[in-house]
Amino acid sequence: MTLTPFLRIALAVTAAASLVAGLTGGLARLGVVAPVGDLADMHGAIMASGFFGTLISLERAVADGRLTALLVPALSGAGAVLLLCGYAEATAPLFLVAGVGLTLLTALSTWKLPTLFTALMTVAAALWPLGTLFWISGRTLPEVGYVWLGFLILTVVAERIELSRLLRPTLAARGLLVLLVALFVLALALGQPWQGSALLSVALAGIALWLLREDIALRTVRTQGFARFSALMLICGYGWLLVAAASLSLLPPGESVYGHDAAIHAIAVGFILSMVFAHAPIILPAVTGAPVRYVPILYLPAVLLQIAIGLRITFDAMEATEKLHCPAWLTIAAIVIYVILLLGTMAVRSRTAVSV
């Protein structure tokens with residue numbers, strides 16, 4: 001195995017380990033399992049930077065094609081390993097440098113190909129080191145968490161523009177999105193949702209509605225197979241983004257701990273994980289070379305995920321803390337089943353290839 005494929009697989013494994021650790025930390029925060037080290041306290045950093053930061057950096061590095069580009073996810077992966085080992089102070093600088101590196105990679109892409117997609121990807125990438133800088137400067141992880149989620153949200157928006165480019169949004173539609181993204185970034189810079197949440201809520205709702213209107217998913221949902229599965233997951237994700245916006249408005253995190261829990265999980269689980277479920281059969285083969293594919297039974301974990309986040313929001317609205325372990329376990333079950341089913345498609349394909 002040459003160096004590049006080995007690094008890609010090693011970094012993908014590191015990201016997967018961060019996912020497992022992040023989910024374990026989430027359960028520890030609910031008191032469901034015994035805390036292991038700092039996993040509970042570092043839950044947000046592990047998920048946002050250790051898992052998603054490494055995975056997105058790896059995807060961009062693979063798209064760049066140069067071996068040196070893999071230094072970005074390598075730094076993020078190293079930070080994830082240190083964080084899992086309990087060295088949080090040494091971790092933040094690595095995530096900061098990785099975030100700057102990702103921003104430079106995307107900025108270079110924008111320079112070569114100045115499009116709305118590449119520009120938004122650059123803005124999204126810049127939010128990762130910005131949030132990390134806030135963390136280094138002494139802000140708490142809940143405060144930093146929304147900036148990191150902004151990195152993930154805008155990354156998804158940019159990638160949907162790339163994948164849905166056949167719809168060709170009008171100049172007015174593109175201008176509206178630029179305005180909404182500017183308002184979104186401004187709200188985060190002003191410290192929202194902790195220092196008021198009105199602007200952030202409006203911008204988030206606007207982005208969700210823009211995606212619902214402009215995304216090709218509204219057309220492909222009427223097709224069959226993977227295209228329909230992906231479209232349904234996308235539409236569900238946009239719906240949860242609207243729920244997050246409503247929660248930020250009705251239950252501002254600065255005033256309600258339940259509002260914070262509802263908003264952050266509507267985004268992180270309802271929106272982000274729905275996007276992961278929708279794109280994984282496309283992204284994983286491109287990034288790791290793993291020959292996974294869509295199979296209809298993937299609807300099982302997809303439905304479980306939607307039930308899990310629905311219960312989480314409902315229990316938050318009821319202030320039923322003692323019941324939050326149920327949707328947490330359902331979320332983990334959905335992820336585990338989804339991963340097992342995807343790995344199963346690799347095994348089936350391998351056996352088919354051998355028999356042929």
# chains A, B, ... in the order shown; residues from 1 in each chain; ligands from 1

$ closest_atom_pairs --of "segment 256-317 of chain A" --to "segment 146-156 of chain A" --cutoff "9 Å" --atoms "only C-alpha atoms" --output "JSON lines"
{"residue": "A:Ile264", "atom": "CA", "partner": "A:Tyr146", "partner_atom": "CA", "distance": 7.6}
{"residue": "A:Ile267", "atom": "CA", "partner": "A:Leu149", "partner_atom": "CA", "distance": 7.6}
{"residue": "A:Ala268", "atom": "CA", "partner": "A:Leu149", "partner_atom": "CA", "distance": 7.3}
{"residue": "A:Phe271", "atom": "CA", "partner": "A:Ile153", "partner_atom": "CA", "distance": 8.3}
{"residue": "A:Ile272", "atom": "CA", "partner": "A:Ile153", "partner_atom": "CA", "distance": 7.4}
{"residue": "A:Met275", "atom": "CA", "partner": "A:Val156", "partner_atom": "CA", "distance": 7.5}

$ write_last_selection --atoms "C-alpha atoms" --output "PDB file, in the first residue's frame"
ATOM      1  CA  ILE A 264     -27.836  22.183  19.328  1.00  0.00           C
ATOM      2  CA  ILE A 267     -28.637  20.991  14.267  1.00  0.00           C
ATOM      3  CA  ALA A 268     -26.016  18.369  15.161  1.00  0.00           C
ATOM      4  CA  PHE A 271     -29.509  18.334  10.336  1.00  0.00           C
ATOM      5  CA  ILE A 272     -25.849  17.256  10.267  1.00  0.00           C
ATOM      6  CA  MET A 275     -26.749  15.030   5.782  1.00  0.00           C
TER       7      MET A 275
END

$ residues_around --residues "segment 83-86 of chain A" --least-positions-apart "2" --cutoff "12 Å" --atoms "only C-alpha atoms" --output "MDAnalysis selection string"
chainID A and resid 14:15 17:22 24:25 36:47 49:51 76:81 88:95

$ closest_atom_pairs --of "segment 223-283 of chain A" --to "segment 318-332 of chain A" --cutoff "12 Å" --atoms "only C-alpha atoms" --output "tab-separated table"
residue	atom	partner	partner_atom	distance
A:Leu251	CA	A:Glu319	CA	11.7
A:Ser256	CA	A:Glu319	CA	10.0
A:Val257	CA	A:Glu319	CA	9.3
A:Tyr258	CA	A:Glu319	CA	6.5
A:Gly259	CA	A:Glu319	CA	9.4
A:His260	CA	A:Glu319	CA	11.7
A:Asp261	CA	A:Leu324	CA	10.3
A:Ala262	CA	A:Glu319	CA	10.3
A:His265	CA	A:Ala328	CA	10.3
A:Ala268	CA	A:Thr331	CA	11.3
A:Val269	CA	A:Thr331	CA	8.0
A:Gly270	CA	A:Thr331	CA	10.0
A:Leu273	CA	A:Thr331	CA	9.6
A:Ser274	CA	A:Thr331	CA	11.2

$ closest_residue --among "A:Ala74, A:Ala244, A:Leu304, A:Val62" --to "Phe277 of chain A" --atoms "only C-alpha atoms"
A:Leu304

$ closest_atom_pairs --of "segment 142-181 of chain A" --to "segment 195-215 of chain A" --cutoff "9 Å" --atoms "only C-alpha atoms" --output "Markdown table"
| residue | atom | partner | partner_atom | distance |
| --- | --- | --- | --- | --- |
| A:Val157 | CA | A:Leu211 | CA | 7.6 |
| A:Arg160 | CA | A:Asp215 | CA | 7.1 |
| A:Ile161 | CA | A:Asp215 | CA | 7.6 |
| A:Leu163 | CA | A:Asp215 | CA | 9.0 |
| A:Ser164 | CA | A:Asp215 | CA | 6.1 |
| A:Arg165 | CA | A:Asp215 | CA | 8.8 |
| A:Leu167 | CA | A:Glu214 | CA | 7.3 |
| A:Arg168 | CA | A:Glu214 | CA | 8.6 |
| A:Pro169 | CA | A:Glu214 | CA | 6.6 |
| A:Ala173 | CA | A:Trp210 | CA | 8.1 |
| A:Leu176 | CA | A:Trp210 | CA | 8.4 |
| A:Leu177 | CA | A:Ile207 | CA | 7.0 |
| A:Leu179 | CA | A:Ala203 | CA | 8.8 |
| A:Leu180 | CA | A:Ala203 | CA | 5.4 |
| A:Val181 | CA | A:Ala203 | CA | 7.1 |

$ select_by_dssp --residues "segment 170-249 of chain A" --states "helix (DSSP H, G or I)" --output "ChimeraX atom specification"
/A:171-189,198-214,217-220,225-249

$ closest_residue --among "A:Ile309, A:Leu104, A:Val97, A:Ile297" --to "Phe229 of chain A" --atoms "only C-alpha atoms"
A:Ile297

$ closest_residue --among "A:Val178, A:Ala48, A:Leu108, A:Leu298" --to "Ile335 of chain A" --atoms "only C-alpha atoms"
A:Leu298

$ residues_around --residues "Ala12 of chain A" --least-positions-apart "5" --cutoff "10 Å" --atoms "only C-alpha atoms" --output "list in words"
Phe6, Leu7, Ala17, Ser18, Phe51, Thr54, Leu55, Leu58, Glu59, Pro73, Gly77, Leu284, Val287 and Thr288 of chain A

$ closest_residue --among "A:Pro301, A:Ala317, A:Ile307, A:Thr140" --to "Ala334 of chain A" --atoms "only C-alpha atoms"
A:Pro301

$ closest_residue --among "A:Leu250, A:Leu127, A:Ile282, A:Ala69" --to "Ala227 of chain A" --atoms "only C-alpha atoms"
A:Ile282

$ closest_residue --among "A:Leu248, A:Leu341, A:Ala182, A:Leu218" --to "Ile235 of chain A" --atoms "only C-alpha atoms"
A:Leu218

$ residues_around --residues "Leu96 of chain A" --least-positions-apart "5" --cutoff "10 Å" --atoms "only C-alpha atoms" --output "ChimeraX atom specification"
/A:49,75-76,79,91,101-102,128-133,135-136

$ decode --residues "segment 82-106 of chain A" --atoms "C-alpha atoms" --output "mmCIF file, in the first residue's frame"
data_model
loop_
_atom_site.group_PDB
_atom_site.id
_atom_site.type_symbol
_atom_site.label_atom_id
_atom_site.label_comp_id
_atom_site.auth_asym_id
_atom_site.auth_seq_id
_atom_site.Cartn_x
_atom_site.Cartn_y
_atom_site.Cartn_z
ATOM 1 C CA LEU A 82 -4.338 13.973 21.858
ATOM 2 C CA LEU A 83 -7.844 15.020 22.881
ATOM 3 C CA LEU A 84 -8.889 11.400 23.339
ATOM 4 C CA CYS A 85 -5.779 10.882 25.457
ATOM 5 C CA GLY A 86 -6.748 13.772 27.730
ATOM 6 C CA TYR A 87 -4.359 16.476 26.483
ATOM 7 C CA ALA A 88 -6.912 19.190 25.726
ATOM 8 C CA GLU A 89 -4.451 22.089 26.074
ATOM 9 C CA ALA A 90 -2.148 20.601 23.446
ATOM 10 C CA THR A 91 -5.089 19.816 21.197
ATOM 11 C CA ALA A 92 -6.509 23.278 20.577
ATOM 12 C CA PRO A 93 -3.413 24.651 18.736
ATOM 13 C CA LEU A 94 -3.429 21.641 16.410
ATOM 14 C CA PHE A 95 -7.105 22.164 15.589
ATOM 15 C CA LEU A 96 -6.381 25.859 15.058
ATOM 16 C CA VAL A 97 -3.570 25.182 12.570
ATOM 17 C CA ALA A 98 -5.654 22.492 10.849
ATOM 18 C CA GLY A 99 -8.544 24.950 10.540
ATOM 19 C CA VAL A 100 -6.264 27.595 9.039
ATOM 20 C CA GLY A 101 -4.884 24.972 6.673
ATOM 21 C CA LEU A 102 -8.390 23.957 5.568
ATOM 22 C CA THR A 103 -9.250 27.625 5.017
ATOM 23 C CA LEU A 104 -6.149 28.068 2.859
ATOM 24 C CA LEU A 105 -6.979 24.936 0.851
ATOM 25 C CA THR A 106 -10.490 26.159 0.133
#
